[in-house]
$ cat final_36.txt   # compact mmCIF, C-alpha atoms
# COMPACT_ATOMS: atom_id res chain seq x y z
CA MET A 1 109.90 -72.97 -71.37
CA THR A 2 112.16 -71.00 -69.02
CA HIS A 3 115.10 -69.14 -70.50
CA LYS A 4 117.94 -67.74 -68.44
CA LEU A 5 118.63 -64.11 -69.05
CA THR A 6 121.55 -62.24 -67.58
CA PHE A 7 120.78 -58.90 -66.09
CA ILE A 8 123.72 -56.66 -65.20
CA ALA A 9 123.05 -53.61 -63.11
CA ALA A 10 125.95 -51.26 -62.42
CA LEU A 11 125.84 -48.38 -60.00
CA ALA A 12 128.94 -46.22 -60.41
CA LEU A 13 129.29 -44.35 -57.15
CA VAL A 14 131.24 -41.09 -57.32
CA ALA A 15 134.08 -41.03 -54.82
CA ALA A 16 134.46 -37.28 -54.24
CA ALA A 17 132.80 -34.00 -55.09
CA CYS A 18 134.74 -31.47 -57.19
CA GLY A 19 133.93 -27.92 -58.04
CA ALA A 20 130.53 -27.86 -56.29
CA THR A 21 129.00 -24.47 -55.56
CA ASP A 22 126.20 -23.26 -53.32
CA ASP A 23 123.95 -23.19 -56.39
CA ASP A 24 124.53 -26.93 -56.88
CA VAL A 25 122.85 -27.96 -53.67
CA GLY A 26 120.52 -25.09 -52.84
CA ASP A 27 120.38 -22.99 -49.71
CA ILE A 28 121.34 -25.01 -46.66
CA THR A 29 120.80 -23.80 -43.11
CA SER A 30 122.32 -25.41 -40.05
CA THR A 31 120.20 -27.68 -37.87
CA THR A 32 120.76 -29.60 -34.67
CA GLN A 33 119.64 -33.24 -34.49
CA ALA A 34 118.46 -34.32 -31.03
CA THR A 35 120.22 -37.46 -29.83
CA THR A 36 119.99 -40.21 -27.25
CA THR A 37 123.19 -41.76 -25.83
CA THR A 38 123.34 -45.49 -25.15
CA THR A 39 126.24 -47.62 -23.97
CA ILE A 40 126.92 -51.07 -25.43
CA GLY A 41 129.70 -52.77 -23.48
CA THR A 42 132.49 -50.23 -23.36
CA THR A 43 131.33 -48.39 -26.51
CA THR A 44 129.07 -45.36 -26.24
CA THR A 45 126.82 -44.71 -29.24
CA THR A 46 124.89 -41.51 -29.78
CA LEU A 47 121.51 -42.51 -31.23
CA PRO A 48 119.49 -39.74 -32.94
CA ASP A 49 116.04 -39.22 -31.43
CA VAL A 50 114.49 -39.80 -34.85
CA PHE A 51 115.12 -43.50 -34.18
CA THR A 52 113.08 -43.52 -30.96
CA GLY A 53 109.34 -43.35 -30.33
CA ASP A 54 106.92 -45.19 -32.62
CA PRO A 55 108.92 -48.22 -33.81
CA GLY A 56 106.96 -48.50 -37.07
CA ARG A 57 107.57 -44.91 -38.18
CA LEU A 58 109.41 -44.54 -41.48
CA VAL A 59 112.68 -42.60 -41.19
CA LEU A 60 114.38 -43.06 -44.57
CA GLN A 61 113.36 -44.40 -47.95
CA ILE A 62 115.28 -44.65 -51.22
CA THR A 63 113.24 -45.07 -54.39
CA ASP A 64 113.72 -44.96 -58.15
CA GLU A 65 111.30 -42.79 -60.10
CA GLY A 66 110.67 -42.39 -63.83
CA GLY A 67 112.78 -44.02 -66.49
CA PHE A 68 111.70 -45.88 -69.60
CA ALA A 69 110.24 -49.26 -68.69
CA PRO A 70 107.13 -51.36 -69.33
CA ILE A 71 104.08 -50.43 -67.26
CA GLU A 72 104.20 -53.72 -65.36
CA LEU A 73 107.71 -52.96 -64.13
CA ILE A 74 106.89 -49.39 -63.12
CA VAL A 75 103.80 -50.28 -61.07
CA ASN A 76 105.66 -53.22 -59.51
CA ARG A 77 108.78 -51.25 -58.54
CA LEU A 78 109.77 -51.70 -54.90
CA PRO A 79 111.76 -49.12 -52.91
CA ARG A 80 115.48 -49.82 -52.89
CA PHE A 81 115.18 -49.85 -49.13
CA ALA A 82 113.27 -48.40 -46.21
CA VAL A 83 114.51 -47.85 -42.65
CA TYR A 84 112.14 -47.59 -39.67
CA ALA A 85 112.56 -46.06 -36.22
CA ASP A 86 113.11 -49.44 -34.58
CA GLY A 87 116.11 -50.07 -36.84
CA ALA A 88 114.36 -52.45 -39.24
CA LEU A 89 115.81 -52.25 -42.75
CA LEU A 90 113.52 -53.60 -45.49
CA ALA A 91 114.84 -54.21 -48.99
CA PRO A 92 114.17 -56.51 -51.95
CA ALA A 93 115.62 -59.97 -51.35
CA PRO A 94 118.04 -61.51 -53.86
CA VAL A 95 116.41 -63.73 -56.49
CA PRO A 96 117.93 -65.83 -59.29
CA ALA A 97 118.66 -63.81 -62.44
CA ILE A 98 116.21 -65.70 -64.64
CA TYR A 99 113.14 -64.79 -66.65
CA PRO A 100 110.37 -65.27 -65.88
CA GLY A 101 111.01 -64.62 -62.20
CA PRO A 102 108.60 -64.89 -59.29
CA ILE A 103 105.32 -63.01 -59.58
CA VAL A 104 105.73 -61.78 -55.99
CA MET A 105 109.20 -60.38 -55.40
CA PRO A 106 110.32 -61.21 -51.86
CA LEU A 107 111.54 -58.71 -49.27
CA GLN A 108 114.19 -59.13 -46.60
CA SER A 109 114.25 -57.56 -43.14
CA VAL A 110 117.63 -56.76 -41.56
CA PRO A 111 118.04 -55.37 -38.02
CA LEU A 112 120.34 -52.36 -37.62
CA SER A 113 122.34 -51.73 -34.47
CA ASP A 114 122.53 -48.38 -32.68
CA ALA A 115 125.99 -47.93 -34.22
CA ASP A 116 124.54 -48.62 -37.69
CA LEU A 117 121.79 -46.05 -37.11
CA ALA A 118 124.29 -43.46 -35.91
CA SER A 119 126.35 -44.03 -39.08
CA LEU A 120 123.18 -43.79 -41.16
CA MET A 121 122.25 -40.47 -39.55
CA GLN A 122 125.73 -39.12 -40.30
CA ALA A 123 125.26 -40.08 -43.96
CA ILE A 124 121.82 -38.40 -44.02
CA GLU A 125 123.30 -35.22 -42.57
CA ALA A 126 126.23 -35.34 -45.00
CA ILE A 127 123.74 -35.00 -47.87
CA GLY A 128 122.15 -32.08 -46.04
CA LEU A 129 118.74 -33.74 -45.99
CA PRO A 130 117.54 -32.33 -42.65
CA SER A 131 117.81 -28.81 -44.13
CA ILE A 132 116.37 -29.55 -47.59
CA ASP A 133 112.69 -29.39 -48.44
CA ARG A 134 112.98 -30.85 -51.93
CA GLU A 135 115.86 -30.67 -54.36
CA ILE A 136 116.65 -32.70 -57.50
CA ASP A 137 120.02 -32.75 -59.25
CA ASP A 138 118.89 -32.96 -62.90
CA ARG A 139 122.18 -31.90 -64.58
CA LEU A 140 122.26 -35.03 -66.75
CA MET A 141 118.74 -34.90 -68.16
CA SER A 142 119.97 -33.35 -71.41
CA ARG A 143 122.76 -35.93 -71.76
CA VAL A 144 121.35 -39.25 -70.52
CA ALA A 145 118.06 -40.58 -71.85
CA ASP A 146 115.51 -42.77 -70.07
CA ALA A 147 117.36 -43.06 -66.74
CA THR A 148 115.66 -43.07 -63.36
CA THR A 149 115.90 -40.44 -60.64
CA VAL A 150 117.12 -41.84 -57.33
CA ILE A 151 115.13 -40.21 -54.54
CA ALA A 152 116.11 -40.13 -50.86
CA THR A 153 113.29 -39.13 -48.52
CA TYR A 154 114.09 -38.46 -44.87
CA PHE A 155 111.31 -38.03 -42.28
CA ASP A 156 112.35 -35.93 -39.29
CA VAL A 157 111.08 -36.22 -35.70
CA ASP A 158 108.07 -34.06 -36.59
CA GLY A 159 107.19 -36.22 -39.60
CA ALA A 160 108.21 -33.58 -42.15
CA GLU A 161 109.59 -34.90 -45.44
CA HIS A 162 113.02 -33.87 -46.74
CA VAL A 163 113.80 -34.96 -50.30
CA TYR A 164 117.00 -35.05 -52.31
CA GLY A 165 117.29 -36.82 -55.65
CA ALA A 166 119.70 -37.26 -58.53
CA TYR A 167 118.82 -38.13 -62.11
CA ALA A 168 121.02 -40.84 -63.69
CA LEU A 169 123.01 -41.19 -60.47
CA GLY A 170 126.60 -42.21 -61.22
CA LEU A 171 126.23 -41.99 -65.01
CA ALA A 172 128.27 -39.62 -67.22
CA ASP A 173 129.71 -37.83 -64.21
CA ASP A 174 132.68 -36.36 -66.07
CA GLU A 175 131.91 -32.86 -64.82
CA PRO A 176 131.73 -31.22 -61.38
CA VAL A 177 129.24 -33.12 -59.22
CA PRO A 178 127.23 -31.51 -56.39
CA ASP A 179 128.49 -32.70 -53.04
CA SER A 180 125.00 -33.84 -52.02
CA THR A 181 124.86 -36.13 -55.07
CA THR A 182 128.20 -37.67 -54.16
CA LYS A 183 126.97 -38.18 -50.60
CA LEU A 184 123.73 -39.75 -51.88
CA GLY A 185 125.79 -42.41 -53.63
CA GLU A 186 127.77 -42.98 -50.43
CA LEU A 187 124.53 -43.35 -48.43
CA ILE A 188 123.33 -46.07 -50.81
CA GLU A 189 126.68 -47.83 -50.56
CA LEU A 190 126.47 -47.70 -46.75
CA VAL A 191 123.01 -49.26 -46.64
CA ASP A 192 123.95 -51.91 -49.20
CA GLY A 193 126.66 -52.92 -46.74
CA PHE A 194 124.10 -53.20 -43.93
CA LEU A 195 122.22 -55.85 -45.93
CA ALA A 196 124.99 -58.30 -45.04
CA ASN A 197 124.32 -57.88 -41.30
CA PRO A 198 123.60 -61.10 -39.40
CA GLY A 199 120.07 -61.73 -38.23
CA GLY A 200 118.30 -60.90 -41.47
CA ALA A 201 115.18 -62.82 -42.44
CA GLY A 202 112.39 -62.87 -44.99
CA PHE A 203 109.69 -60.24 -44.52
CA GLU A 204 106.23 -61.67 -43.84
CA ALA A 205 103.83 -59.46 -45.77
CA ASP A 206 100.30 -58.93 -44.47
CA ARG A 207 99.21 -56.74 -47.40
CA ILE A 208 99.71 -56.89 -51.14
CA GLN A 209 98.55 -54.75 -54.04
CA VAL A 210 97.31 -56.49 -57.19
CA TRP A 211 97.07 -54.71 -60.54
CA ILE A 212 95.09 -56.23 -63.40
CA ASN A 213 96.07 -55.86 -67.05
CA GLU A 214 93.20 -56.69 -69.37
CA ASN A 215 95.41 -56.73 -72.47
CA PRO A 216 98.41 -58.91 -71.64
CA VAL A 217 101.11 -59.43 -74.24
CA VAL A 218 101.37 -63.20 -74.56
CA ASP A 219 104.71 -64.76 -75.56
CA PRO A 220 104.22 -68.50 -76.19
CA ASP A 221 107.84 -69.22 -75.26
CA PHE A 222 107.32 -67.97 -71.71
CA THR A 223 103.61 -67.84 -70.94
CA GLN A 224 101.63 -70.29 -68.86
CA THR A 225 97.89 -70.01 -68.33
CA LEU A 226 96.39 -70.81 -64.92
CA ALA A 227 92.89 -70.65 -63.46
CA TRP A 228 91.83 -67.38 -61.78
CA PRO A 229 93.41 -67.45 -58.27
CA LEU A 230 91.46 -64.85 -56.28
CA ASP A 231 88.10 -64.56 -54.51
CA ILE A 232 87.69 -61.09 -56.03
CA VAL A 233 86.83 -60.90 -59.74
CA PRO A 234 88.05 -58.57 -62.51
CA GLY A 235 85.09 -56.25 -61.97
CA ASP A 236 86.23 -55.59 -58.37
CA PHE A 237 89.37 -53.75 -59.51
CA GLU A 238 89.22 -49.94 -59.53
CA PRO A 239 91.31 -47.78 -61.93
CA GLU A 240 94.18 -46.23 -60.00
CA GLY A 241 97.43 -44.34 -60.48
CA ASP A 242 99.03 -42.66 -63.45
CA PHE A 243 98.17 -45.51 -65.81
CA GLN A 244 94.58 -46.02 -64.62
CA LEU A 245 95.05 -49.77 -64.34
CA GLY A 246 92.65 -51.68 -62.14
CA CYS A 247 94.06 -52.20 -58.64
CA HIS A 248 92.98 -53.92 -55.44
CA VAL A 249 94.64 -54.28 -52.02
CA LEU A 250 94.42 -57.60 -50.21
CA ALA A 251 95.16 -57.83 -46.49
CA GLY A 252 95.39 -60.48 -43.78
CA ASP A 253 94.19 -63.97 -44.68
CA ALA A 254 93.17 -62.86 -48.18
CA ALA A 255 96.72 -61.68 -48.85
CA GLN A 256 98.24 -64.89 -47.50
CA GLN A 257 95.91 -67.07 -49.57
CA ALA A 258 96.75 -65.08 -52.69
CA ILE A 259 100.50 -65.32 -52.06
CA ALA A 260 100.15 -69.10 -51.67
CA ALA A 261 98.27 -69.29 -54.98
CA PHE A 262 100.92 -67.18 -56.70
CA ASN A 263 103.66 -69.65 -55.70
CA ALA A 264 102.69 -71.72 -58.73
CA ALA A 265 103.01 -68.71 -61.05
CA ASN A 266 105.68 -66.41 -62.44
CA GLN A 267 105.96 -63.02 -64.13
CA ALA A 268 104.75 -64.42 -67.44
CA THR A 269 101.66 -66.20 -66.10
CA VAL A 270 98.26 -65.21 -67.45
CA TRP A 271 95.07 -66.00 -65.57
CA ASP A 272 91.87 -67.33 -67.09
CA TYR A 273 88.60 -65.92 -65.80
CA ASP A 274 85.46 -67.04 -67.59
CA GLY A 275 87.33 -67.53 -70.86
CA THR A 276 89.23 -64.23 -70.78
CA GLU A 277 92.95 -64.01 -70.00
CA TYR A 278 94.36 -61.38 -67.66
CA GLN A 279 97.78 -60.48 -66.33
CA LEU A 280 98.11 -59.86 -62.59
CA ILE A 281 100.94 -57.65 -61.34
CA VAL A 282 101.56 -58.23 -57.63
CA ARG A 283 103.65 -56.34 -55.11
CA VAL A 284 104.14 -56.71 -51.39
CA LEU A 285 103.28 -53.52 -49.50
CA LEU A 286 105.72 -52.17 -46.93
CA PRO A 287 104.25 -51.25 -43.53
CA HIS A 288 104.02 -47.52 -44.31
CA GLU A 289 102.59 -47.84 -47.82
CA PRO A 290 98.88 -47.20 -48.46
CA GLY A 291 98.64 -49.41 -51.53
CA CYS A 292 97.83 -49.04 -55.24
CA ILE A 293 101.00 -47.08 -55.95
CA PRO A 294 101.99 -45.35 -58.12
$ encode --input "final_36.txt" --output "structure tokens"
Amino acid sequence: MTHKLTFIAALALVAAACGATDDDVGDITSTTQATTTTTIGTTTTTLPDVFTGDPGRLVLQITDEGGFAPIELIVNRLPRFAVYADGALLAPAPVPAIYPGPIVMPLQSVPLSDADLASLMQAIEAIGLPSIDREIDDRLMSRVADATTVIATYFDVDGAEHVYGAYALGLADDEPVPDSTTKLGELIELVDGFLANPGGAGFEADRIQVWINENPVVDPDFTQTLAWPLDIVPGDFEPEGDFQLGCHVLAGDAAQQAIAAFNAANQATVWDYDGTEYQLIVRVLLPHEPGCIP
């Protein structure tokens, strides 16, 4: 039986910083971002050099870390979005707000123009990311329980990581907010707007990670039991990550065959192997991800 559940997610973006001090955002030094100038029609766009070179190189990723959630949601959590040097923007695709949803959450790929990338770089610089090694705004940890930390990771032309994050972004901000946290919210809003760009399409995954849960919680109102769908068997999964669940990465034809088998399943499906039921937790891997994460 499938029941509709309504999920409401609200992201309250702060419109302006007030009362921020140097201590709020750490020590920032000035940097110069190399650029490439291109002309489109009569409009000249200055494209940062970080968006040239290897087209598959990751430039920016926004993720959610921590928070109170079931293990299967944590290990299955996709980045909010990832932007690559060729202007490809990857993000979770919209799905109907029902439970159980698809076992493999789809991704969408949206092309960004040179003007989009220039605007994105301006938003990255407004946070101060090129000059930050790692900094987390954790002001709200004593006031807001079980929220996630939104993490922005920028990779410069040398491949160095620059990280800025904010715990409980947009929640309980009734006090002075660091300017970088305000700008992080504005960056997310900017990229959310890019997702409406024309030319977007589904992302064809060539790798997936599969976690196995040997002790699934079975709810008879939602659960369906199907025959084991994979060529690999439960004993082929190796404990990985913080939770030491069994994990395996499938690539190429094996990944495609598994995805096809999972089309008949949903989040509440359990899989029978030799009389024992297992839960499989499946996530598409982005091009830069090694697999079995976290």
$ residues_around --input "final_36.txt" --residues "Ser113 (chain A)" --least-positions-apart "3" --cutoff "12 Å" --atoms "all atoms listed in the file" --output "list in words"
Thr38, Thr39, Ile40, Thr45, Thr46, Leu47, Phe51, Val83, Ala85, Asp86, Gly87, Ala88, Leu89, Val110, Asp116, Leu117, Ala118, Ser119, Leu120, Phe194, Asn197, Pro198 and Gly199 of chain A
$ atom_distance --input "final_36.txt" --atom1 "CA of Val144 (chain A)" --atom2 "CA of Leu171 (chain A)"
7.9 Å
$ residues_around --input "final_36.txt" --residues "Arg80 (chain A)" --least-positions-apart "5" --cutoff "7 Å" --atoms "all atoms listed in the file" --output "ChimeraX atom specification"
/A:62-63,91-92
$ write_last_selection --input "final_36.txt" --atoms "C-alpha atoms" --output "PDB file, in the coordinates of the input"
ATOM      1  CA  ILE A  62     115.280 -44.650 -51.220  1.00  0.00           C
ATOM      2  CA  THR A  63     113.240 -45.070 -54.390  1.00  0.00           C
ATOM      3  CA  ALA A  91     114.840 -54.210 -48.990  1.00  0.00           C
ATOM      4  CA  PRO A  92     114.170 -56.510 -51.950  1.00  0.00           C
TER       5      PRO A  92
END
$ closest_residue --input "final_36.txt" --among "A:Asp114, A:Asp49, A:Glu277, A:Glu189" --to "Ile212 (chain A)" --atoms "all atoms listed in the file"
A:Glu277
$ atom_distance --input "final_36.txt" --atom1 "CA of Glu72 (chain A)" --atom2 "CA of Gly252 (chain A)"
24.3 Å
$ atom_distance --input "final_36.txt" --atom1 "CA of Tyr99 (chain A)" --atom2 "CA of Ile71 (chain A)"
17.0 Å
